[in-house]
file final.csv (CSV, C-alpha atoms)
chain,number,residue,atom,x,y,z
A,1,MET,CA,43.7,42.3,14.3
A,2,SER,CA,45.7,43.9,17.1
A,3,THR,CA,44.6,47.2,18.8
A,4,ALA,CA,47.6,48.9,17.2
A,5,THR,CA,46.6,47.7,13.7
A,6,LYS,CA,43.0,48.9,14.2
A,7,THR,CA,44.3,52.3,15.3
A,8,GLU,CA,46.4,52.4,12.2
A,9,ALA,CA,43.3,51.7,10.1
A,10,MET,CA,41.3,54.4,11.8
A,11,ALA,CA,44.1,56.9,11.1
A,12,ASP,CA,44.6,55.9,7.5
A,13,GLU,CA,43.9,58.9,5.3
A,14,ARG,CA,42.1,56.9,2.6
A,15,ASN,CA,39.9,55.3,5.2
A,16,LYS,CA,39.2,58.7,6.9
A,17,ARG,CA,38.1,60.0,3.5
A,18,PHE,CA,35.6,57.1,3.1
A,19,MET,CA,34.3,57.4,6.6
A,20,SER,CA,33.7,61.1,6.1
A,21,MET,CA,31.4,60.1,3.3
A,22,GLY,CA,29.4,57.8,5.6
A,23,TYR,CA,31.2,54.5,5.3
A,24,PRO,CA,31.8,52.4,8.4
A,25,PRO,CA,35.3,51.8,9.8
A,26,GLY,CA,37.4,48.9,8.4
A,27,PRO,CA,40.9,47.7,7.7
A,28,THR,CA,43.1,49.7,5.4
A,29,LYS,CA,43.5,48.6,1.8
A,30,GLU,CA,47.0,47.2,2.4
A,31,GLN,CA,45.8,45.3,5.4
A,32,ALA,CA,42.8,43.9,3.5
A,33,LYS,CA,45.0,42.8,0.5
A,34,LYS,CA,46.9,40.4,2.9
A,35,MET,CA,43.7,38.7,4.1
A,36,ASN,CA,42.2,35.4,3.0
A,37,PHE,CA,38.7,36.2,2.0
A,38,LYS,CA,38.0,32.6,1.0
A,39,ASP,CA,38.1,31.8,4.7
A,40,ILE,CA,34.8,32.6,6.6
A,41,ASN,CA,36.9,33.1,9.8
A,42,THR,CA,38.4,36.2,8.2
A,43,TYR,CA,35.0,37.9,8.1
A,44,MET,CA,34.2,36.7,11.6
A,45,LYS,CA,37.4,38.1,13.0
A,46,LEU,CA,36.7,41.5,11.4
A,47,HIS,CA,33.3,41.5,12.9
A,48,GLU,CA,34.9,40.9,16.3
A,49,GLU,CA,37.0,44.0,15.7
A,50,TYR,CA,34.6,46.3,14.0
A,51,GLY,CA,31.1,45.1,15.0
A,52,ASP,CA,28.2,44.2,12.8
A,53,ILE,CA,29.2,46.4,9.8
A,54,TYR,CA,32.5,47.3,8.3
A,55,MET,CA,34.1,48.3,5.0
A,56,LEU,CA,36.7,46.6,2.8
A,57,PRO,CA,38.3,49.5,0.9
A,58,LEU,CA,39.9,47.3,-1.8
A,59,GLY,CA,38.6,49.2,-4.9
A,60,ALA,CA,37.6,52.7,-5.8
A,61,VAL,CA,34.3,52.0,-4.1
A,62,PRO,CA,34.6,50.2,-0.8
A,63,LEU,CA,32.7,46.9,-0.2
A,64,VAL,CA,30.4,47.1,2.9
A,65,ILE,CA,30.0,43.9,4.9
A,66,THR,CA,27.1,43.5,7.4
A,67,ARG,CA,25.7,40.7,9.5
A,68,SER,CA,22.9,42.8,11.1
A,69,ASN,CA,19.5,41.4,10.6
A,70,GLU,CA,18.0,44.9,10.5
A,71,HIS,CA,20.5,46.0,7.8
A,72,ILE,CA,19.8,43.0,5.7
A,73,ARG,CA,16.0,43.3,6.1
A,74,GLU,CA,16.1,46.9,5.1
A,75,LEU,CA,18.4,46.3,2.1
A,76,LEU,CA,16.5,43.4,0.7
A,77,GLY,CA,12.9,44.2,1.5
A,78,GLY,CA,12.8,47.8,2.9
A,79,SER,CA,13.3,51.2,1.3
A,80,ALA,CA,16.7,50.4,-0.3
A,81,THR,CA,15.7,51.2,-3.8
A,82,GLU,CA,14.6,54.7,-2.6
A,83,LEU,CA,17.6,55.3,-0.3
A,84,PHE,CA,20.2,53.8,-2.6
A,85,PRO,CA,19.0,54.1,-6.2
A,86,ARG,CA,21.2,52.5,-8.8
A,87,PRO,CA,22.6,54.9,-11.4
A,88,PRO,CA,20.8,54.9,-14.8
A,89,ASN,CA,23.8,53.5,-16.6
A,90,VAL,CA,23.9,50.5,-14.2
A,91,ILE,CA,20.2,49.8,-14.5
A,92,ALA,CA,20.5,49.9,-18.3
A,93,ASN,CA,23.5,47.5,-18.2
A,94,ILE,CA,21.7,45.1,-15.8
A,95,ARG,CA,18.7,44.9,-18.3
A,96,LEU,CA,21.1,43.8,-21.0
A,97,LEU,CA,22.0,40.7,-19.1
A,98,PHE,CA,18.9,40.1,-16.9
A,99,GLY,CA,16.2,41.6,-19.0
A,100,ARG,CA,13.2,42.1,-16.8
A,101,ALA,CA,14.2,39.9,-13.9
A,102,GLN,CA,13.1,41.2,-10.5
A,103,ILE,CA,16.7,42.1,-9.6
A,104,ALA,CA,16.8,44.4,-12.7
A,105,LEU,CA,13.8,46.4,-11.7
A,106,ASP,CA,13.1,49.2,-9.2
A,107,GLY,CA,9.8,50.6,-8.0
A,108,GLU,CA,6.3,49.0,-8.3
A,109,GLU,CA,7.2,46.7,-11.2
A,110,HIS,CA,9.9,45.1,-9.0
A,111,GLN,CA,7.4,44.7,-6.1
A,112,GLN,CA,4.7,43.0,-8.4
A,113,ASN,CA,7.2,40.5,-9.8
A,114,LYS,CA,8.6,39.9,-6.3
A,115,ARG,CA,5.2,39.2,-4.8
A,116,MET,CA,4.4,36.8,-7.7
A,117,LEU,CA,7.6,34.8,-7.1
A,118,SER,CA,7.2,34.9,-3.3
A,119,GLN,CA,3.8,33.1,-3.6
A,120,TRP,CA,5.8,30.0,-4.7
A,121,LEU,CA,9.2,30.5,-3.1
A,122,PHE,CA,7.8,31.0,0.5
A,123,SER,CA,5.0,28.4,0.3
A,124,GLU,CA,5.5,25.4,2.6
A,125,ALA,CA,3.4,23.3,0.2
A,126,GLU,CA,5.5,24.2,-2.8
A,127,ASN,CA,8.7,23.7,-0.8
A,128,ALA,CA,7.7,20.2,0.2
A,129,LYS,CA,7.3,19.2,-3.4
A,130,MET,CA,10.9,20.1,-4.0
A,131,ALA,CA,12.2,17.7,-1.4
A,132,ASP,CA,12.7,14.7,-3.8
A,133,PRO,CA,14.3,16.7,-6.6
A,134,PHE,CA,16.7,18.4,-4.2
A,135,ASN,CA,17.5,15.0,-2.6
A,136,LYS,CA,18.6,13.6,-6.0
A,137,VAL,CA,20.9,16.6,-6.6
A,138,MET,CA,22.4,16.2,-3.1
A,139,LEU,CA,23.1,12.5,-3.6
A,140,ASP,CA,24.9,13.3,-6.9
A,141,PHE,CA,26.9,16.0,-4.9
A,142,ILE,CA,27.9,13.5,-2.2
A,143,ASP,CA,28.8,10.9,-4.8
A,144,ARG,CA,31.0,13.4,-6.6
A,145,LEU,CA,32.8,14.4,-3.4
A,146,GLU,CA,33.3,10.8,-2.4
A,147,SER,CA,34.7,9.8,-5.8
A,148,GLU,CA,37.1,12.8,-5.8
A,149,MET,CA,38.2,12.0,-2.3
A,150,ASN,CA,38.9,8.3,-3.1
A,151,LYS,CA,40.8,9.3,-6.3
A,152,ASN,CA,42.9,12.2,-5.0
A,153,GLY,CA,42.9,11.9,-1.2
A,154,GLU,CA,41.3,15.4,-1.0
A,155,VAL,CA,38.5,17.4,-2.6
A,156,GLU,CA,38.1,20.8,-4.2
A,157,ALA,CA,34.7,21.4,-2.5
A,158,TYR,CA,33.8,24.7,-4.1
A,159,TYR,CA,34.0,23.5,-7.7
A,160,SER,CA,31.6,20.6,-6.9
A,161,ALA,CA,29.4,22.8,-4.8
A,162,GLU,CA,29.1,25.2,-7.7
A,163,LEU,CA,28.0,22.4,-10.0
A,164,ALA,CA,25.5,21.3,-7.4
A,165,ALA,CA,24.2,24.9,-7.1
A,166,ALA,CA,23.8,25.0,-10.9
A,167,ASP,CA,21.7,21.8,-10.8
A,168,ILE,CA,19.7,23.1,-7.9
A,169,SER,CA,19.0,26.3,-9.8
A,170,ALA,CA,17.9,24.3,-12.8
A,171,VAL,CA,15.6,22.1,-10.8
A,172,ILE,CA,13.9,25.1,-9.2
A,173,SER,CA,13.7,27.0,-12.5
A,174,MET,CA,12.6,24.3,-14.9
A,175,GLY,CA,12.1,21.0,-13.2
A,176,ARG,CA,15.3,19.3,-14.4
A,177,THR,CA,19.0,19.5,-13.9
A,178,TYR,CA,21.8,20.5,-16.2
A,179,ASN,CA,23.5,17.2,-15.4
A,180,ALA,CA,26.4,19.4,-14.2
A,181,LEU,CA,27.4,17.1,-11.3
A,182,GLN,CA,27.5,14.1,-13.5
A,183,LEU,CA,29.2,15.8,-16.4
A,184,GLY,CA,31.6,17.8,-14.3
A,185,TYR,CA,30.8,20.9,-16.4
A,186,CYS,CA,27.9,23.3,-17.0
A,187,PRO,CA,27.9,25.3,-20.3
A,188,GLN,CA,25.1,27.7,-19.0
A,189,LEU,CA,27.1,28.5,-15.9
A,190,GLU,CA,30.3,29.1,-17.8
A,191,ALA,CA,28.4,31.3,-20.2
A,192,LEU,CA,27.0,33.3,-17.3
A,193,LYS,CA,30.5,33.8,-15.9
A,194,ILE,CA,31.7,35.2,-19.2
A,195,CYS,CA,28.7,37.5,-19.4
A,196,ASP,CA,29.1,38.6,-15.8
A,197,LYS,CA,32.7,39.5,-16.2
A,198,ILE,CA,31.9,41.7,-19.2
A,199,PHE,CA,28.8,43.1,-17.3
A,200,LEU,CA,30.9,44.2,-14.4
A,201,ASN,CA,33.5,45.9,-16.6
A,202,ARG,CA,30.6,47.7,-18.3
A,203,ALA,CA,29.1,48.8,-15.0
A,204,MET,CA,32.3,50.6,-14.1
A,205,ASN,CA,32.6,52.3,-17.4
A,206,LYS,CA,29.9,54.8,-18.5
A,207,LYS,CA,31.4,54.9,-22.0
A,208,TRP,CA,31.6,51.2,-22.5
A,209,LYS,CA,29.6,51.4,-25.7
A,210,GLU,CA,32.2,53.6,-27.3
A,211,THR,CA,35.3,51.8,-25.9
A,212,GLU,CA,34.3,48.1,-25.8
A,213,PRO,CA,36.1,46.0,-28.4
A,214,LYS,CA,33.8,44.4,-31.0
A,215,GLU,CA,34.9,40.8,-30.1
A,216,VAL,CA,34.0,41.4,-26.5
A,217,THR,CA,30.5,42.6,-27.5
A,218,GLU,CA,30.1,39.5,-29.7
A,219,GLU,CA,31.3,37.2,-27.0
A,220,PHE,CA,28.7,38.7,-24.6
A,221,GLU,CA,25.9,38.3,-27.1
A,222,LYS,CA,26.9,34.7,-28.0
A,223,ASN,CA,26.9,33.5,-24.3
A,224,LYS,CA,23.8,35.5,-23.4
A,225,LYS,CA,22.0,33.8,-26.3
A,226,LEU,CA,23.0,30.3,-25.0
A,227,ILE,CA,21.5,31.1,-21.6
A,228,ALA,CA,18.3,32.7,-23.0
A,229,ASP,CA,17.8,29.8,-25.5
A,230,THR,CA,18.0,27.3,-22.7
A,231,PHE,CA,15.3,29.0,-20.8
A,232,ALA,CA,13.1,29.8,-23.8
A,233,GLU,CA,13.2,26.2,-24.8
A,234,ALA,CA,12.2,25.1,-21.3
A,235,TYR,CA,9.4,27.7,-21.3
A,236,GLU,CA,7.9,26.2,-24.5
A,237,GLN,CA,8.3,22.6,-23.2
A,238,ILE,CA,6.6,23.2,-19.9
A,239,LYS,CA,3.9,25.4,-21.5
A,240,GLY,CA,3.3,22.5,-23.9
A,241,GLY,CA,2.8,20.0,-21.0
A,242,ALA,CA,6.3,18.4,-20.7
A,243,LYS,CA,6.6,16.0,-17.8
A,244,VAL,CA,9.2,17.4,-15.5
A,245,ASP,CA,9.7,17.8,-11.7
A,246,HIS,CA,7.9,20.5,-9.8
A,247,ASN,CA,9.3,23.9,-10.7
A,248,ILE,CA,8.7,27.7,-10.5
A,249,LEU,CA,8.5,28.2,-14.2
A,250,ALA,CA,5.2,26.3,-14.3
A,251,HIS,CA,3.9,28.7,-11.6
A,252,MET,CA,5.0,31.7,-13.7
A,253,ILE,CA,3.3,30.3,-16.8
A,254,GLU,CA,0.1,29.7,-14.8
A,255,GLN,CA,0.3,33.3,-13.5
A,256,ASN,CA,0.8,34.6,-17.0
A,257,LEU,CA,-2.2,32.7,-18.4
A,258,SER,CA,-4.4,33.8,-15.6
A,259,HIS,CA,-3.6,37.5,-16.3
A,260,ARG,CA,-4.4,37.4,-20.0
A,261,SER,CA,-7.3,39.6,-21.2
A,262,ALA,CA,-8.6,41.4,-24.3
A,263,LYS,CA,-6.6,44.4,-23.1
A,264,CYS,CA,-3.5,42.3,-22.4
A,265,PRO,CA,-3.6,39.2,-24.7
A,266,MET,CA,0.0,38.1,-23.9
A,267,GLY,CA,-0.5,38.3,-20.1
A,268,GLU,CA,1.5,40.1,-17.5
A,269,VAL,CA,3.2,39.6,-14.1
A,270,PRO,CA,5.1,37.9,-15.5
A,271,THR,CA,5.2,38.2,-19.2
A,272,GLU,CA,7.1,35.5,-21.1
A,273,LEU,CA,10.2,37.8,-21.2
A,274,GLU,CA,10.0,38.4,-17.5
A,275,ALA,CA,9.7,34.7,-16.7
A,276,ILE,CA,12.8,33.9,-18.8
A,277,SER,CA,14.6,36.8,-17.2
A,278,ASN,CA,13.8,35.6,-13.7
A,279,MET,CA,15.4,32.3,-14.5
A,280,VAL,CA,18.5,34.0,-15.7
A,281,GLY,CA,18.4,35.8,-12.3
A,282,PHE,CA,18.2,32.4,-10.5
A,283,LEU,CA,21.2,31.1,-12.4
A,284,ALA,CA,23.1,34.3,-11.3
A,285,GLY,CA,22.6,33.2,-7.7
A,286,VAL,CA,24.6,30.0,-8.1
A,287,GLY,CA,27.7,31.5,-6.6
A,288,ASN,CA,26.0,32.4,-3.4
A,289,THR,CA,24.5,28.9,-3.1
A,290,ALA,CA,27.9,27.3,-3.8
A,291,ARG,CA,29.6,29.5,-1.2
A,292,MET,CA,27.0,28.7,1.4
A,293,ASN,CA,27.3,24.9,0.7
A,294,THR,CA,31.1,25.1,0.8
A,295,ILE,CA,31.2,27.0,4.1
A,296,GLY,CA,28.7,24.6,5.6
A,297,LEU,CA,30.8,21.6,4.6
A,298,GLU,CA,33.9,23.3,6.0
A,299,MET,CA,32.3,24.2,9.3
A,300,MET,CA,30.7,20.8,9.7
A,301,ALA,CA,34.1,19.2,9.1
A,302,GLN,CA,35.6,21.3,11.8
A,303,ARG,CA,32.8,20.7,14.3
A,304,GLN,CA,32.1,16.9,14.6
A,305,ASP,CA,29.8,17.7,17.6
A,306,VAL,CA,27.6,19.8,15.3
A,307,GLN,CA,27.5,17.0,12.7
A,308,LEU,CA,26.0,14.7,15.4
A,309,LYS,CA,23.4,17.4,16.3
A,310,VAL,CA,22.4,17.8,12.7
A,311,LEU,CA,22.1,14.0,12.2
A,312,GLU,CA,20.0,13.8,15.3
A,313,GLU,CA,17.6,16.5,14.1
A,314,LEU,CA,17.3,14.8,10.7
A,315,HIS,CA,16.4,11.5,12.3
A,316,MET,CA,13.8,13.2,14.5
A,317,VAL,CA,12.2,15.3,11.8
A,318,LEU,CA,12.4,12.9,8.8
A,319,ASP,CA,12.2,9.5,10.6
A,320,GLY,CA,10.0,10.5,13.5
A,321,LYS,CA,12.4,9.1,16.1
A,322,THR,CA,12.4,10.2,19.7
A,323,PRO,CA,15.3,12.4,20.8
A,324,GLU,CA,16.9,9.4,22.5
A,325,ALA,CA,16.5,7.1,19.5
A,326,ALA,CA,17.7,9.8,17.2
A,327,ALA,CA,20.9,10.3,19.3
A,328,ILE,CA,21.7,6.6,19.0
A,329,ALA,CA,21.0,6.5,15.3
A,330,ALA,CA,23.2,9.6,14.7
A,331,ALA,CA,26.1,8.1,16.7
A,332,ASN,CA,26.0,4.9,14.6
call {"tool": "encode", "arguments": {"input": "final.csv", "output": "structure tokens"}}
result
Amino acid sequence: MSTATKTEAMADERNKRFMSMGYPPGPTKEQAKKMNFKDINTYMKLHEEYGDIYMLPLGAVPLVITRSNEHIRELLGGSATELFPRPPNVIANIRLLFGRAQIALDGEEHQQNKRMLSQWLFSEAENAKMADPFNKVMLDFIDRLESEMNKNGEVEAYYSAELAAADISAVISMGRTYNALQLGYCPQLEALKICDKIFLNRAMNKKWKETEPKEVTEEFEKNKKLIADTFAEAYEQIKGGAKVDHNILAHMIEQNLSHRSAKCPMGEVPTELEAISNMVGFLAGVGNTARMNTIGLEMMAQRQDVQLKVLEELHMVLDGKTPEAAAIAAAN
């Protein structure tokens, strides 16, 4: 963005109104509408112009983009729920889709659930046990990309990355994949997309209960049930001793059983409903995982030198090679 264009953005009346409310600077709505936000370089160029944080005033409420570690740490683990409380109608709407998942809760309940999940998610020992299941998914991902490339001469990386992300989510959640990469389709993911679209429309409409068409409500409930039934079935199977790969649902069931008492016979942190809700929350993160994988593939394709460095590190860490031997192996 040129200096003149940035000056124009700073002088834009709509932008000035948002900045007077505390929003950071950013391009105008008209400038933003012409940008390609599927390209990571678009965001990087805007960071060069505006710094670590800027706004994209595309809708009625601007989107704020930050790359600051301090901002991210504060938003994800600090006092964000106190400083930026979500409106009651939004919280109520979130619960309709995500039940009692950690992303649907504020306050102490959220923290208890988060701590319970963190015991597993941030454990090196638990992470190590996921290496083999993840490797199987990644091999399926590579096979799909290679097959598409051989057939069409090009690949639609994001679609395959999304299927891979769905299978990764399933492996983490319940110790098995959806077979999304092999089938080329994931019913649970498509159901979530439908629910999410309706959910977002509801979040922007305080009177959605009075104005939402009956068929839309029925479509939401039908697709939500497909997702919930998938995880409820997995809960019963793993609770009953089904042989599956290492997974976080087994950890949640173990935690539930360990917190049962005469006062709380069904257990807590998490309850069965919270455990199932958490898995819905994991599935909702598929888009972020897919975007990360797609951007990683794109940047690696653009930087052959980085590919070599990554291969060298893999050979050193996984094969135990010396730096010199790893460099030779990567080059070959």
call {"tool": "residues_around", "arguments": {"input": "final.csv", "residues": "region 218-231 of chain A", "least_positions_apart": "4", "cutoff": "12 Å", "atoms": "all atoms listed in the file", "output": "compact mmCIF listing (two decimals) with C-alpha atoms, keeping the file's coordinate frame"}}
result
# COMPACT_ATOMS: atom_id res chain seq x y z
CA ARG A 95 18.70 44.90 -18.30
CA LEU A 96 21.10 43.80 -21.00
CA LEU A 97 22.00 40.70 -19.10
CA PHE A 98 18.90 40.10 -16.90
CA GLY A 99 16.20 41.60 -19.00
CA SER A 169 19.00 26.30 -9.80
CA ALA A 170 17.90 24.30 -12.80
CA SER A 173 13.70 27.00 -12.50
CA MET A 174 12.60 24.30 -14.90
CA GLY A 175 12.10 21.00 -13.20
CA ARG A 176 15.30 19.30 -14.40
CA THR A 177 19.00 19.50 -13.90
CA TYR A 178 21.80 20.50 -16.20
CA CYS A 186 27.90 23.30 -17.00
CA PRO A 187 27.90 25.30 -20.30
CA GLN A 188 25.10 27.70 -19.00
CA LEU A 189 27.10 28.50 -15.90
CA GLU A 190 30.30 29.10 -17.80
CA ALA A 191 28.40 31.30 -20.20
CA LEU A 192 27.00 33.30 -17.30
CA LYS A 193 30.50 33.80 -15.90
CA ILE A 194 31.70 35.20 -19.20
CA CYS A 195 28.70 37.50 -19.40
CA ASP A 196 29.10 38.60 -15.80
CA LYS A 197 32.70 39.50 -16.20
CA ILE A 198 31.90 41.70 -19.20
CA PHE A 199 28.80 43.10 -17.30
CA LEU A 200 30.90 44.20 -14.40
CA ASN A 201 33.50 45.90 -16.60
CA ARG A 202 30.60 47.70 -18.30
CA GLU A 212 34.30 48.10 -25.80
CA PRO A 213 36.10 46.00 -28.40
CA LYS A 214 33.80 44.40 -31.00
CA TYR A 235 9.40 27.70 -21.30
CA GLU A 236 7.90 26.20 -24.50
CA GLN A 237 8.30 22.60 -23.20
CA ILE A 238 6.60 23.20 -19.90
CA LYS A 239 3.90 25.40 -21.50
CA LEU A 249 8.50 28.20 -14.20
CA GLU A 272 7.10 35.50 -21.10
CA LEU A 273 10.20 37.80 -21.20
CA GLU A 274 10.00 38.40 -17.50
CA ALA A 275 9.70 34.70 -16.70
CA ILE A 276 12.80 33.90 -18.80
CA SER A 277 14.60 36.80 -17.20
CA ASN A 278 13.80 35.60 -13.70
CA MET A 279 15.40 32.30 -14.50
CA VAL A 280 18.50 34.00 -15.70
CA GLY A 281 18.40 35.80 -12.30
CA PHE A 282 18.20 32.40 -10.50
CA LEU A 283 21.20 31.10 -12.40
CA ALA A 284 23.10 34.30 -11.30
call {"tool": "closest_residue", "arguments": {"input": "final.csv", "among": "A:Lys33, A:Leu181, A:Leu58, A:Asn293", "to": "Leu139 (chain A)", "atoms": "all atoms listed in the file"}}
result
A:Leu181
call {"tool": "residues_near_point", "arguments": {"input": "final.csv", "point": "(25.0, 47.7, 11.1)", "cutoff": "12 Å", "atoms": "all atoms listed in the file", "output": "PyMOL selection string"}}
result
chain A and resi 23-25+47+50-55+64-75
call {"tool": "atom_distance", "arguments": {"input": "final.csv", "atom1": "CA of Gly153 (chain A)", "atom2": "CA of Thr294 (chain A)"}}
result
17.8 Å
call {"tool": "atom_distance", "arguments": {"input": "final.csv", "atom1": "CA of Thr217 (chain A)", "atom2": "CA of Gly285 (chain A)"}}
result
23.3 Å
call {"tool": "closest_residue", "arguments": {"input": "final.csv", "among": "A:Ala325, A:Val286, A:Ala11, A:Leu163", "to": "Glu313 (chain A)", "atoms": "all atoms listed in the file"}}
result
A:Ala325
call {"tool": "atom_distance", "arguments": {"input": "final.csv", "atom1": "CA of Lys114 (chain A)", "atom2": "CA of Leu257 (chain A)"}}
result
17.7 Å
call {"tool": "residues_around", "arguments": {"input": "final.csv", "residues": "His315 (chain A)", "least_positions_apart": "6", "cutoff": "12 Å", "atoms": "only C-alpha atoms", "output": "ChimeraX atom specification"}}
result
/A:308-309,321-332
call {"tool": "residues_around", "arguments": {"input": "final.csv", "residues": "Gln255 (chain A)", "least_positions_apart": "5", "cutoff": "12 Å", "atoms": "all atoms listed in the file", "output": "MDAnalysis selection string"}}
result
chainID A and resid 112:113 115:117 119:120 239 248:250 260 266:272 274:275
call {"tool": "write_last_selection", "arguments": {"input": "final.csv", "atoms": "C-alpha atoms", "output": "PDB file, in the coordinates of the input"}}
result
ATOM      1  CA  GLN A 112       4.700  43.000  -8.400  1.00  0.00           C
ATOM      2  CA  ASN A 113       7.200  40.500  -9.800  1.00  0.00           C
ATOM      3  CA  ARG A 115       5.200  39.200  -4.800  1.00  0.00           C
ATOM      4  CA  MET A 116       4.400  36.800  -7.700  1.00  0.00           C
ATOM      5  CA  LEU A 117       7.600  34.800  -7.100  1.00  0.00           C
ATOM      6  CA  GLN A 119       3.800  33.100  -3.600  1.00  0.00           C
ATOM      7  CA  TRP A 120       5.800  30.000  -4.700  1.00  0.00           C
ATOM      8  CA  LYS A 239       3.900  25.400 -21.500  1.00  0.00           C
ATOM      9  CA  ILE A 248       8.700  27.700 -10.500  1.00  0.00           C
ATOM     10  CA  LEU A 249       8.500  28.200 -14.200  1.00  0.00           C
ATOM     11  CA  ALA A 250       5.200  26.300 -14.300  1.00  0.00           C
ATOM     12  CA  ARG A 260      -4.400  37.400 -20.000  1.00  0.00           C
ATOM     13  CA  MET A 266       0.000  38.100 -23.900  1.00  0.00           C
ATOM     14  CA  GLY A 267      -0.500  38.300 -20.100  1.00  0.00           C
ATOM     15  CA  GLU A 268       1.500  40.100 -17.500  1.00  0.00           C
ATOM     16  CA  VAL A 269       3.200  39.600 -14.100  1.00  0.00           C
ATOM     17  CA  PRO A 270       5.100  37.900 -15.500  1.00  0.00           C
ATOM     18  CA  THR A 271       5.200  38.200 -19.200  1.00  0.00           C
ATOM     19  CA  GLU A 272       7.100  35.500 -21.100  1.00  0.00           C
ATOM     20  CA  GLU A 274      10.000  38.400 -17.500  1.00  0.00           C
ATOM     21  CA  ALA A 275       9.700  34.700 -16.700  1.00  0.00           C
TER      22      ALA A 275
END
call {"tool": "closest_residue", "arguments": {"input": "final.csv", "among": "A:Leu318, A:Leu56, A:Met300, A:Leu46", "to": "Met19 (chain A)", "atoms": "only C-alpha atoms"}}
result
A:Leu56
